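The file model-v2.txt contains compact mmCIF, C-alpha atoms:
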# COMPACT_ATOMS: atom_id res chain seq x y z
CA MET A 16 -30.61 93.97 30.26
CA SER A 17 -28.74 94.36 26.99
CA ALA A 18 -27.42 91.02 25.73
CA THR A 19 -24.46 90.31 23.47
CA ARG A 20 -25.31 88.05 20.55
CA VAL A 21 -23.68 86.32 17.61
CA HIS A 22 -25.79 85.14 14.67
CA ASN A 23 -25.27 83.27 11.42
CA LEU A 24 -21.61 82.53 11.95
CA ALA A 25 -20.82 79.68 9.57
CA VAL A 26 -17.97 77.28 10.19
CA SER A 27 -16.74 74.28 8.27
CA LEU A 28 -16.77 70.86 9.88
CA ASP A 29 -13.11 71.37 10.66
CA GLY A 30 -13.87 74.63 12.42
CA PHE A 31 -12.79 77.29 9.95
CA ALA A 32 -15.02 80.34 9.74
CA THR A 33 -13.13 81.83 6.83
CA GLY A 34 -10.59 80.51 4.37
CA GLU A 35 -7.03 81.44 3.63
CA GLY A 36 -6.10 84.27 1.29
CA GLN A 37 -8.79 86.86 1.88
CA SER A 38 -8.83 89.65 -0.68
CA LEU A 39 -11.10 92.17 -2.37
CA GLU A 40 -12.11 89.49 -4.88
CA SER A 41 -12.38 86.72 -2.28
CA PRO A 42 -13.75 88.01 1.02
CA PHE A 43 -13.70 84.46 2.43
CA GLY A 44 -10.41 83.45 0.80
CA HIS A 45 -10.24 79.96 -0.68
CA ALA A 46 -13.53 79.13 1.06
CA GLY A 47 -15.30 81.20 -1.57
CA MET A 48 -18.99 81.44 -0.83
CA ARG A 49 -19.30 77.82 0.31
CA LEU A 50 -19.78 78.66 3.98
CA MET A 51 -22.70 80.92 3.17
CA GLY A 52 -24.45 78.75 0.59
CA TRP A 53 -27.24 77.88 3.05
CA PHE A 54 -27.79 81.57 3.87
CA PHE A 55 -28.05 83.18 0.44
CA PRO A 56 -31.35 81.58 -0.63
CA THR A 57 -33.06 82.46 2.69
CA ALA A 58 -35.79 85.08 2.82
CA THR A 59 -33.70 86.93 5.39
CA PHE A 60 -30.70 87.38 3.17
CA GLN A 61 -32.72 88.14 0.07
CA SER A 62 -34.60 90.90 1.86
CA MET A 63 -31.45 92.56 3.23
CA ASP A 64 -30.30 95.82 1.72
CA GLY A 65 -27.09 95.89 -0.22
CA ASP A 66 -25.81 96.20 -3.77
CA ARG A 67 -25.87 92.72 -5.22
CA GLU A 68 -27.67 90.35 -7.51
CA ARG A 69 -30.91 88.95 -6.09
CA LEU A 70 -31.67 85.22 -5.93
CA GLU A 71 -34.97 83.45 -5.73
CA VAL A 72 -35.92 82.60 -2.14
CA ASP A 73 -35.87 78.81 -1.78
CA PRO A 74 -38.88 77.74 0.33
CA ALA A 75 -36.94 74.65 1.44
CA THR A 76 -34.69 77.01 3.39
CA ALA A 77 -37.49 77.90 5.83
CA PRO A 78 -35.82 75.99 8.69
CA ASP A 79 -32.53 77.77 8.01
CA ASP A 80 -34.41 81.05 7.82
CA ALA A 81 -35.90 80.42 11.26
CA PHE A 82 -32.35 80.85 12.53
CA ALA A 83 -31.14 83.41 10.01
CA SER A 84 -34.03 85.78 10.63
CA ARG A 85 -33.16 86.32 14.27
CA TRP A 86 -30.02 88.31 13.53
CA GLY A 87 -31.73 91.73 13.63
CA ASP A 88 -34.38 91.42 16.38
CA ARG A 89 -33.80 93.95 19.14
CA ILE A 90 -30.27 94.72 17.96
CA GLY A 91 -29.18 98.28 18.67
CA ALA A 92 -25.52 98.17 17.61
CA GLU A 93 -22.94 95.88 16.02
CA ILE A 94 -19.27 95.34 16.73
CA MET A 95 -17.18 93.94 13.88
CA GLY A 96 -13.52 93.21 13.33
CA ALA A 97 -11.31 94.97 10.82
CA ASN A 98 -11.29 91.81 8.66
CA LYS A 99 -15.05 91.98 8.26
CA PHE A 100 -15.09 95.63 7.27
CA GLY A 101 -12.78 95.26 4.31
CA PRO A 102 -10.07 93.26 2.57
CA PRO A 103 -6.53 93.24 3.99
CA GLY A 104 -5.09 96.74 3.62
CA TRP A 105 -8.38 98.69 3.52
CA GLN A 106 -6.87 101.00 6.13
CA ASP A 107 -4.58 102.34 3.40
CA ASP A 108 -7.54 103.31 1.20
CA PRO A 109 -9.19 106.48 2.48
CA ASP A 110 -12.17 105.91 0.17
CA TRP A 111 -13.05 102.41 1.45
CA ARG A 112 -16.59 102.46 2.87
CA GLY A 113 -17.21 98.75 3.52
CA TRP A 114 -18.43 95.90 1.32
CA TRP A 115 -22.08 96.85 1.43
CA GLY A 116 -22.55 99.92 -0.77
CA GLU A 117 -24.12 103.16 0.35
CA GLU A 118 -27.00 101.49 2.22
CA PRO A 119 -25.53 98.72 4.40
CA PRO A 120 -27.96 96.22 5.95
CA PHE A 121 -27.17 97.11 9.56
CA HIS A 122 -29.35 100.21 10.14
CA THR A 123 -27.68 100.80 13.53
CA PRO A 124 -24.39 102.15 14.79
CA VAL A 125 -21.55 99.76 13.87
CA PHE A 126 -18.22 99.78 15.69
CA VAL A 127 -15.23 98.55 13.71
CA LEU A 128 -12.28 97.35 15.78
CA THR A 129 -9.01 98.47 14.21
CA HIS A 130 -5.62 99.62 15.40
CA ARG A 131 -5.81 102.39 12.78
CA PRO A 132 -9.08 104.19 13.48
CA ARG A 133 -10.46 106.89 11.21
CA GLY A 134 -13.41 109.28 11.31
CA ARG A 135 -17.05 108.21 11.43
CA LEU A 136 -18.84 107.23 8.21
CA GLU A 137 -22.52 108.09 7.93
CA MET A 138 -24.27 105.76 5.51
CA ASP A 139 -27.81 105.71 4.16
CA GLY A 140 -30.53 103.94 6.11
CA GLY A 141 -29.25 104.71 9.59
CA THR A 142 -25.95 102.78 9.56
CA THR A 143 -22.94 104.59 10.98
CA PHE A 144 -19.42 103.18 11.11
CA ASP A 145 -17.25 104.24 14.03
CA PHE A 146 -13.68 102.99 14.25
CA LEU A 147 -12.29 101.99 17.63
CA ASP A 148 -8.88 100.91 18.82
CA ALA A 149 -10.18 99.24 21.98
CA SER A 150 -10.34 95.99 23.93
CA PRO A 151 -13.42 93.77 23.53
CA ALA A 152 -14.82 94.92 26.87
CA GLU A 153 -14.22 98.60 26.14
CA ALA A 154 -15.80 98.37 22.72
CA LEU A 155 -18.78 96.55 24.21
CA GLY A 156 -19.26 99.38 26.69
CA VAL A 157 -19.33 101.90 23.86
CA ALA A 158 -21.64 99.77 21.73
CA ARG A 159 -24.03 99.17 24.62
CA GLU A 160 -24.33 102.86 25.21
CA ALA A 161 -25.12 103.37 21.53
CA ALA A 162 -27.60 100.46 21.55
CA ASN A 163 -29.71 102.35 24.04
CA GLY A 164 -31.17 99.36 25.88
CA LEU A 165 -31.22 97.04 22.88
CA ASP A 166 -28.80 94.15 22.32
CA VAL A 167 -25.33 94.27 20.78
CA ARG A 168 -24.44 91.93 17.94
CA ILE A 169 -20.86 90.72 17.55
CA GLY A 170 -20.81 90.56 13.78
CA GLY A 171 -17.55 88.71 13.20
CA GLY A 172 -15.14 87.76 11.78
CA PRO A 173 -14.14 84.65 13.69
CA THR A 174 -11.19 86.22 15.49
CA VAL A 175 -13.38 88.87 17.05
CA VAL A 176 -16.10 86.37 17.98
CA ARG A 177 -13.47 84.14 19.58
CA ASP A 178 -12.06 87.08 21.53
CA TYR A 179 -15.52 87.90 22.90
CA LEU A 180 -16.22 84.25 23.74
CA ALA A 181 -12.85 83.91 25.48
CA ALA A 182 -13.59 87.06 27.49
CA GLY A 183 -16.93 85.60 28.62
CA LEU A 184 -18.85 88.44 27.00
CA VAL A 185 -21.26 86.51 24.73
CA ASP A 186 -24.79 85.65 25.89
CA HIS A 187 -26.09 83.97 22.74
CA LEU A 188 -24.11 82.29 19.98
CA HIS A 189 -25.58 80.85 16.82
CA VAL A 190 -23.20 78.84 14.64
CA ALA A 191 -24.07 77.06 11.42
CA VAL A 192 -21.80 74.07 10.81
CA VAL A 193 -21.43 73.43 7.08
CA PRO A 194 -20.34 69.88 6.21
CA ILE A 195 -17.26 70.80 4.20
CA LEU A 196 -13.59 70.55 5.11
CA LEU A 197 -11.68 73.76 4.39
CA GLY A 198 -8.38 72.51 5.76
CA ARG A 199 -7.00 76.02 6.42
CA GLY A 200 -8.10 79.51 7.31
CA VAL A 201 -9.21 81.12 10.57
CA ARG A 202 -10.50 78.74 13.24
CA LEU A 203 -13.41 79.73 15.42
CA TRP A 204 -13.02 77.27 18.29
CA ASP A 205 -9.34 77.51 19.22
CA GLY A 206 -8.55 78.22 22.84
CA LEU A 207 -12.13 77.81 24.06
CA GLU A 208 -11.80 74.57 26.02
CA GLY A 209 -14.84 73.97 28.21
CA LEU A 210 -16.86 76.84 26.75
CA GLU A 211 -19.98 74.67 26.74
CA THR A 212 -20.02 74.40 30.53
CA ALA A 213 -21.30 77.99 30.81
CA TYR A 214 -24.03 77.52 28.21
CA ASP A 215 -27.09 75.53 27.33
CA VAL A 216 -26.17 74.04 23.98
CA ALA A 217 -28.71 72.81 21.44
CA SER A 218 -28.45 71.73 17.83
CA VAL A 219 -30.51 70.69 14.86
CA THR A 220 -29.68 69.64 11.31
CA THR A 221 -31.84 71.21 8.59
CA PRO A 222 -32.62 69.76 5.15
CA SER A 223 -29.85 71.91 3.66
CA GLY A 224 -27.40 69.69 5.56
CA VAL A 225 -26.28 72.48 7.84
CA THR A 226 -26.29 71.92 11.61
CA HIS A 227 -27.42 74.93 13.58
CA LEU A 228 -25.93 75.17 17.05
CA THR A 229 -27.07 77.59 19.71
CA PHE A 230 -25.23 78.43 22.90
CA ASP A 231 -27.32 80.29 25.49
CA ARG A 232 -25.51 81.49 28.55
CA ARG A 233 -26.85 79.91 31.72
CA VAL A 234 -28.14 82.32 34.28
CA PRO A 235 -25.94 81.67 37.33
CA MET B 15 -16.71 44.05 -3.02
CA SER B 16 -15.26 44.45 0.45
CA ALA B 17 -15.74 47.99 1.78
CA THR B 18 -13.69 49.90 4.33
CA ARG B 19 -15.78 51.47 7.09
CA VAL B 20 -15.44 53.66 10.15
CA HIS B 21 -18.16 53.68 12.82
CA ASN B 22 -18.90 55.48 16.06
CA LEU B 23 -15.94 57.81 15.90
CA ALA B 24 -16.78 60.63 18.28
CA VAL B 25 -15.26 64.09 17.93
CA SER B 26 -15.74 67.27 19.88
CA LEU B 27 -17.13 70.36 18.19
CA ASP B 28 -13.56 71.59 17.82
CA GLY B 29 -12.58 68.36 16.09
CA PHE B 30 -10.70 66.41 18.73
CA ALA B 31 -11.33 62.66 18.78
CA THR B 32 -9.29 62.11 21.90
CA GLY B 33 -7.90 64.39 24.58
CA GLU B 34 -4.40 65.14 25.75
CA GLY B 35 -2.54 62.97 28.24
CA GLN B 36 -3.70 59.46 27.41
CA SER B 37 -2.77 56.87 30.02
CA LEU B 38 -3.83 53.57 31.53
CA GLU B 39 -6.20 55.43 33.85
CA SER B 40 -7.41 57.85 31.17
CA PRO B 41 -7.68 56.17 27.77
CA PHE B 42 -9.08 59.40 26.27
CA GLY B 43 -6.81 61.75 28.22
CA HIS B 44 -8.40 64.89 29.63
CA ALA B 45 -11.50 64.20 27.53
CA GLY B 46 -12.40 61.48 30.00
CA MET B 47 -15.50 59.62 28.85
CA ARG B 48 -17.28 62.74 27.61
CA LEU B 49 -16.92 61.87 23.93
CA MET B 50 -18.59 58.51 24.47
CA GLY B 51 -21.40 59.59 26.80
CA TRP B 52 -23.98 59.19 24.01
CA PHE B 53 -22.73 55.67 23.24
CA PHE B 54 -22.60 54.01 26.67
CA PRO B 55 -26.37 53.92 27.31
CA THR B 56 -27.12 52.45 23.86
CA ALA B 57 -28.34 48.88 23.50
CA THR B 58 -25.37 48.25 21.21
CA PHE B 59 -22.75 49.15 23.76
CA GLN B 60 -24.55 47.47 26.63
CA SER B 61 -24.77 44.21 24.72
CA MET B 62 -21.08 44.19 23.74
CA ASP B 63 -18.76 41.76 25.43
CA GLY B 64 -16.10 43.07 27.74
CA ASP B 65 -15.20 43.29 31.41
CA ARG B 66 -16.98 46.33 32.74
CA GLU B 67 -19.88 47.60 34.76
CA ARG B 68 -23.23 47.43 32.99
CA LEU B 69 -25.58 50.39 32.64
CA GLU B 70 -29.29 50.50 32.02
CA VAL B 71 -30.12 50.93 28.34
CA ASP B 72 -31.73 54.34 27.88
CA PRO B 73 -34.65 53.99 25.44
CA ALA B 74 -34.19 57.66 24.45
CA THR B 75 -30.94 56.60 22.84
CA ALA B 76 -32.74 54.61 20.14
CA PRO B 77 -31.82 57.15 17.42
CA ASP B 78 -28.19 57.02 18.51
CA ASP B 79 -28.40 53.25 18.57
CA ALA B 80 -29.60 53.22 14.97
CA PHE B 81 -26.13 54.48 14.10
CA ALA B 82 -24.19 52.68 16.82
CA SER B 83 -25.61 49.27 15.93
CA ARG B 84 -24.20 49.29 12.42
CA TRP B 85 -20.61 48.89 13.55
CA GLY B 86 -20.58 45.08 13.34
CA ASP B 87 -22.74 44.26 10.30
CA ARG B 88 -20.80 42.34 7.68
CA ILE B 89 -17.45 43.20 9.28
CA GLY B 90 -14.80 40.52 8.77
CA ALA B 91 -11.73 42.26 10.24
CA GLU B 92 -10.65 45.40 12.04
CA ILE B 93 -7.57 47.57 11.73
CA MET B 94 -6.65 49.68 14.74
CA GLY B 95 -3.79 51.97 15.68
CA ALA B 96 -1.32 51.33 18.46
CA ASN B 97 -2.96 54.09 20.52
CA LYS B 98 -6.25 52.25 20.53
CA PHE B 99 -4.76 48.94 21.60
CA GLY B 100 -3.20 50.24 24.78
CA PRO B 101 -1.89 53.20 26.75
CA PRO B 102 1.40 54.84 25.73
CA GLY B 103 4.21 52.35 26.33
CA TRP B 104 2.17 49.14 26.13
CA GLN B 105 4.81 47.84 23.73
CA ASP B 106 7.16 47.58 26.73
CA ASP B 107 4.73 45.33 28.60
CA PRO B 108 4.84 41.77 27.23
CA ASP B 109 1.68 40.90 29.19
CA TRP B 110 -0.54 43.65 27.76
CA ARG B 111 -3.50 42.05 25.97
CA GLY B 112 -5.64 45.11 25.17
CA TRP B 113 -8.26 47.03 27.13
CA TRP B 114 -11.06 44.54 26.65
CA GLY B 115 -10.34 41.55 28.87
CA GLU B 116 -10.12 37.96 27.64
CA GLU B 117 -13.22 38.21 25.44
CA PRO B 118 -12.93 41.40 23.38
CA PRO B 119 -16.05 42.58 21.52
CA PHE B 120 -14.56 42.24 18.03
CA HIS B 121 -15.02 38.51 17.29
CA THR B 122 -12.91 38.84 14.12
CA PRO B 123 -9.24 39.16 13.25
CA VAL B 124 -7.92 42.54 14.43
CA PHE B 125 -4.75 44.06 12.97
CA VAL B 126 -2.87 46.45 15.23
CA LEU B 127 -0.56 48.91 13.47
CA THR B 128 2.66 49.34 15.41
CA HIS B 129 6.31 49.88 14.63
CA ARG B 130 7.10 47.26 17.27
CA PRO B 131 5.11 44.20 16.26
CA ARG B 132 4.87 41.09 18.46
CA GLY B 133 3.32 37.65 18.07
CA ARG B 134 -0.38 36.97 17.54
CA LEU B 135 -2.75 36.95 20.50
CA GLU B 136 -5.65 34.51 20.41
CA MET B 137 -8.51 35.72 22.58
CA ASP B 138 -11.82 34.14 23.53
CA GLY B 139 -14.82 34.54 21.26
CA GLY B 140 -12.95 34.54 17.97
CA THR B 141 -10.92 37.73 18.30
CA THR B 142 -7.27 37.52 17.26
CA PHE B 143 -4.77 40.37 17.48
CA ASP B 144 -2.07 40.50 14.83
CA PHE B 145 0.58 43.21 14.98
CA LEU B 146 1.70 44.83 11.76
CA ASP B 147 4.38 47.35 10.92
CA ALA B 148 2.83 48.33 7.61
CA SER B 149 1.45 51.21 5.56
CA PRO B 150 -2.32 51.80 5.58
CA ALA B 151 -2.69 50.23 2.13
CA GLU B 152 -0.58 47.19 3.00
CA ALA B 153 -2.47 46.60 6.24
CA LEU B 154 -5.75 46.93 4.37
CA GLY B 155 -4.62 44.25 1.94
CA VAL B 156 -3.86 41.88 4.80
CA ALA B 157 -7.12 42.67 6.60
CA ARG B 158 -9.18 42.24 3.45
CA GLU B 159 -7.72 38.83 2.94
CA ALA B 160 -8.61 37.90 6.51
CA ALA B 161 -12.11 39.38 6.16
CA ASN B 162 -12.84 36.83 3.50
CA GLY B 163 -15.28 38.89 1.43
CA LEU B 164 -16.70 40.84 4.33
CA ASP B 165 -15.92 44.50 5.09
CA VAL B 166 -12.97 45.89 7.01
CA ARG B 167 -13.54 48.31 9.86
CA ILE B 168 -10.96 50.99 10.62
CA GLY B 169 -11.41 51.06 14.36
CA GLY B 170 -9.41 54.18 15.25
CA GLY B 171 -7.87 56.08 16.90
CA PRO B 172 -8.16 59.33 15.04
CA THR B 173 -4.66 59.32 13.61
CA VAL B 174 -5.23 56.00 11.89
CA VAL B 175 -8.66 57.04 10.61
CA ARG B 176 -7.16 60.26 9.26
CA ASP B 177 -4.37 58.32 7.53
CA TYR B 178 -6.93 56.06 5.83
CA LEU B 179 -9.09 59.02 4.82
CA ALA B 180 -6.06 60.89 3.45
CA ALA B 181 -5.08 57.79 1.45
CA GLY B 182 -8.57 57.62 -0.09
CA LEU B 183 -9.18 54.18 1.40
CA VAL B 184 -12.43 54.76 3.34
CA ASP B 185 -15.82 53.96 1.78
CA HIS B 186 -18.07 54.79 4.72
CA LEU B 187 -17.38 57.11 7.64
CA HIS B 188 -19.68 57.65 10.58
CA VAL B 189 -18.72 60.46 12.96
CA ALA B 190 -20.64 61.57 16.03
CA VAL B 191 -20.04 65.24 16.79
CA VAL B 192 -20.42 65.87 20.52
CA PRO B 193 -21.14 69.51 21.44
CA ILE B 194 -18.21 70.04 23.79
CA LEU B 195 -14.96 71.93 23.27
CA LEU B 196 -11.91 69.92 24.26
CA GLY B 197 -9.38 72.56 23.24
CA ARG B 198 -6.52 70.06 22.82
CA GLY B 199 -5.84 66.48 21.90
CA VAL B 200 -5.74 64.63 18.59
CA ARG B 201 -7.66 66.23 15.74
CA LEU B 202 -9.55 64.10 13.26
CA TRP B 203 -10.01 66.54 10.39
CA ASP B 204 -6.53 68.01 9.89
CA GLY B 205 -5.10 67.82 6.40
CA LEU B 206 -8.33 66.61 4.79
CA GLU B 207 -9.28 69.70 2.78
CA GLY B 208 -12.00 68.94 0.27
CA LEU B 209 -12.66 65.41 1.58
CA GLU B 210 -16.42 65.96 1.18
CA THR B 211 -16.15 66.27 -2.60
CA ALA B 212 -15.64 62.51 -2.92
CA TYR B 213 -18.55 61.63 -0.65
CA ASP B 214 -22.26 62.00 -0.15
CA VAL B 215 -22.48 63.65 3.23
CA ALA B 216 -25.56 63.54 5.45
CA SER B 217 -26.21 64.52 9.03
CA VAL B 218 -28.84 64.45 11.74
CA THR B 219 -28.95 65.65 15.33
CA THR B 220 -30.47 63.21 17.83
CA PRO B 221 -32.19 64.05 21.14
CA SER B 222 -28.92 63.34 22.95
CA GLY B 223 -27.55 66.48 21.30
CA VAL B 224 -25.05 64.56 19.21
CA THR B 225 -24.90 65.17 15.46
CA HIS B 226 -24.32 62.02 13.44
CA LEU B 227 -22.51 62.57 10.17
CA THR B 228 -22.15 59.97 7.49
CA PHE B 229 -19.79 60.13 4.52
CA ASP B 230 -20.52 57.60 1.77
CA ARG B 231 -18.06 57.44 -1.07
CA ARG B 232 -19.60 58.34 -4.40
CA VAL B 233 -19.39 55.68 -7.04
CA PRO B 234 -17.43 57.38 -9.83

Can you dump the structure from the file as structure tokens?
Amino acid sequence: MSATRVHNLAVSLDGFATGEGQSLESPFGHAGMRLMGWFFPTATFQSMDGDRERLEVDPATAPDDAFASRWGDRIGAEIMGANKFGPPGWQDDPDWRGWWGEEPPFHTPVFVLTHRPRGRLEMDGGTTFDFLDASPAEALGVAREAANGLDVRIGGGPTVVRDYLAAGLVDHLHVAVVPILLGRGVRLWDGLEGLETAYDVASVTTPSGVTHLTFDRRVP
Amino acid sequence: MSATRVHNLAVSLDGFATGEGQSLESPFGHAGMRLMGWFFPTATFQSMDGDRERLEVDPATAPDDAFASRWGDRIGAEIMGANKFGPPGWQDDPDWRGWWGEEPPFHTPVFVLTHRPRGRLEMDGGTTFDFLDASPAEALGVAREAANGLDVRIGGGPTVVRDYLAAGLVDHLHVAVVPILLGRGVRLWDGLEGLETAYDVASVTTPSGVTHLTFDRRVP
């Protein structure tokens, strides 16, 4: 059975998964790169494709990498929100092809939820971007078909993850709680009262100071 | 130097330190006792004074107790908010003497912040309740005097702790993050953007599933 999974979603202690004021220069708004500081020095991130400067892998991040590395296993498609695909207004730029350069790290079909869909983009390395104006459940149906028996990753941002959680469509959720207070931005947890009752919840703090939480849906 | 400390403040994953609908029957509102489930079976709680049923101490709570037990060390006074002292409307009941029976577990002067102060209550075991209509800084001055060189505990609820944090008056903060989503209630972290920059922050998850966070103010 094809599962729906969320990985490596970082939130601040006060529950914000992205800051305020997202733009081309600041994909996470005023949060900057602080939510992802634990992730960048992991072997998983450093071995991902993408046009960017490379960092040294920090061996002390091995416990974080144990979580980070699971993002791609048995994933056959991703669903992402419009706010993950580009900065506000990317829909007005016909040349926008995502943040990730010509060879994005996904290597699967990716479905971008937007009220202003456009034609498919075929990228190098097996990533395709399809644009859907669809409900969470509809998009999941399409992505599952494309995943061909493998799992579907809900890639974010937080609004899309929250929508899928609220709709009861997520089987596995991995959240990394970063001990900073952003004060403003987009909250992950709003409107999800009692979510934990449908899941087995576990957590561990790693030497980086991040607390990794996993929610695994209980089999009824 | 007398420090200002917060201990055993439990918050849900979505940041609520108490639920909605607090009353005499439900001191934490719809949260019930879920935020304090980790605390009740600790040796610290079970050895506190107070009129209530006793539970067995669960030896698996030893790691939680390592945190819980620190609440009383070198404490010479407590400051609490009106919402901790009693249910909404206690100010209209001249006979209300707090939740804790005739021998409250504090054994120090306690200062209750309220816009409707009343006369001092002298309880058994050395606890006194004084009622102050004062700013956080003013109340801290009074409590420090009473603490006589020992530390002052900010005993909650969340609104009072947040006020003291926002005013830069807290030296040590211990928060227990409980992996449940309350959805509504009183948030601890609102309006505290960047708080972590003034503190050394550390965290650990215990076998109970609770993540203990400590904030220790950096010496400038």

Quiz item: B:Gly223, B:Val233, B:Val215, B:Glu92: which is nearest Pro193 of chain B, counting only C-alpha atoms?
Solution: B:Gly223

Quiz prompt | Polymer residues at most 12 Å from Arg20 of chain A, only C-alpha atoms, same-chain spacing of 3 or more positions, as an MDAnalysis selection string | solution = chainID A and resid 17 23:24 85:94 155 159 165:171 176 179:180 183:190 229:232

Quiz item: What does the distance between atom CA of Val71 of chain B and atom CA of Glu116 of chain B come to in Å, to one decimal place?
Solution: 23.8 Å

Show me a table, sorted first by chain and then by increasing residue number, of the residues of chain B having an atom at most 9 Å from chain A, each with its shortest atom pair and the distance in Å to one decimal, counting all atoms listed in the file and written as JSON lines.
{"residue": "B:Leu27", "atom": "CA", "partner": "A:Gly30", "partner_atom": "CA", "distance": 7.9}
{"residue": "B:Asp28", "atom": "CA", "partner": "A:Trp204", "partner_atom": "CA", "distance": 5.7}
{"residue": "B:Gly29", "atom": "CA", "partner": "A:Asp29", "partner_atom": "CA", "distance": 6.2}
{"residue": "B:Pro193", "atom": "CA", "partner": "A:Val216", "partner_atom": "CA", "distance": 7.2}
{"residue": "B:Ile194", "atom": "CA", "partner": "A:Glu211", "partner_atom": "CA", "distance": 5.8}
{"residue": "B:Leu195", "atom": "CA", "partner": "A:Glu208", "partner_atom": "CA", "distance": 5.0}
{"residue": "B:Leu196", "atom": "CA", "partner": "A:Glu208", "partner_atom": "CA", "distance": 5.0}
{"residue": "B:Gly197", "atom": "CA", "partner": "A:Glu208", "partner_atom": "CA", "distance": 4.2}
{"residue": "B:Arg198", "atom": "CA", "partner": "A:Glu208", "partner_atom": "CA", "distance": 7.6}
{"residue": "B:Leu202", "atom": "CA", "partner": "A:Asp29", "partner_atom": "CA", "distance": 8.5}
{"residue": "B:Trp203", "atom": "CA", "partner": "A:Asp29", "partner_atom": "CA", "distance": 5.7}
{"residue": "B:Asp204", "atom": "CA", "partner": "A:Gly198", "partner_atom": "CA", "distance": 6.4}
{"residue": "B:Gly205", "atom": "CA", "partner": "A:Gly198", "partner_atom": "CA", "distance": 5.8}
{"residue": "B:Leu206", "atom": "CA", "partner": "A:Gly198", "partner_atom": "CA", "distance": 6.0}
{"residue": "B:Glu207", "atom": "CA", "partner": "A:Gly198", "partner_atom": "CA", "distance": 4.2}
{"residue": "B:Gly208", "atom": "CA", "partner": "A:Leu196", "partner_atom": "CA", "distance": 5.3}
{"residue": "B:Leu209", "atom": "CA", "partner": "A:Leu196", "partner_atom": "CA", "distance": 6.3}
{"residue": "B:Glu210", "atom": "CA", "partner": "A:Ile195", "partner_atom": "CA", "distance": 5.8}
{"residue": "B:Thr211", "atom": "CA", "partner": "A:Ile195", "partner_atom": "CA", "distance": 8.2}
{"residue": "B:Val215", "atom": "CA", "partner": "A:Pro194", "partner_atom": "CA", "distance": 7.2}
{"residue": "B:Ala216", "atom": "CA", "partner": "A:Gly224", "partner_atom": "CA", "distance": 6.4}
{"residue": "B:Ser217", "atom": "CA", "partner": "A:Gly224", "partner_atom": "CA", "distance": 6.3}
{"residue": "B:Val218", "atom": "CA", "partner": "A:Thr220", "partner_atom": "CA", "distance": 5.3}
{"residue": "B:Thr219", "atom": "CA", "partner": "A:Val219", "partner_atom": "CA", "distance": 5.3}
{"residue": "B:Thr220", "atom": "CA", "partner": "A:Val219", "partner_atom": "CA", "distance": 8.0}
{"residue": "B:Gly223", "atom": "CA", "partner": "A:Ser218", "partner_atom": "CA", "distance": 6.4}
{"residue": "B:Val224", "atom": "CA", "partner": "A:Ser218", "partner_atom": "CA", "distance": 8.1}
{"residue": "B:Thr225", "atom": "CA", "partner": "A:Thr220", "partner_atom": "CA", "distance": 7.7}
{"residue": "B:Leu227", "atom": "CA", "partner": "A:Pro194", "partner_atom": "CA", "distance": 8.6}

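For the pair atom CA of Arg68 of chain B and atom CA of Ala45 of chain B, the separation is 21.2 Å.
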
Practice problem: Considering only C-alpha atoms, return as a ChimeraX atom specification whatever protein or nucleic-acid residues lie within 7 Å of Ala25 of chain A, sequence-local ones (same chain, fewer than 5 positions apart) excluded. | Solution: /A:32,50-51,190-193
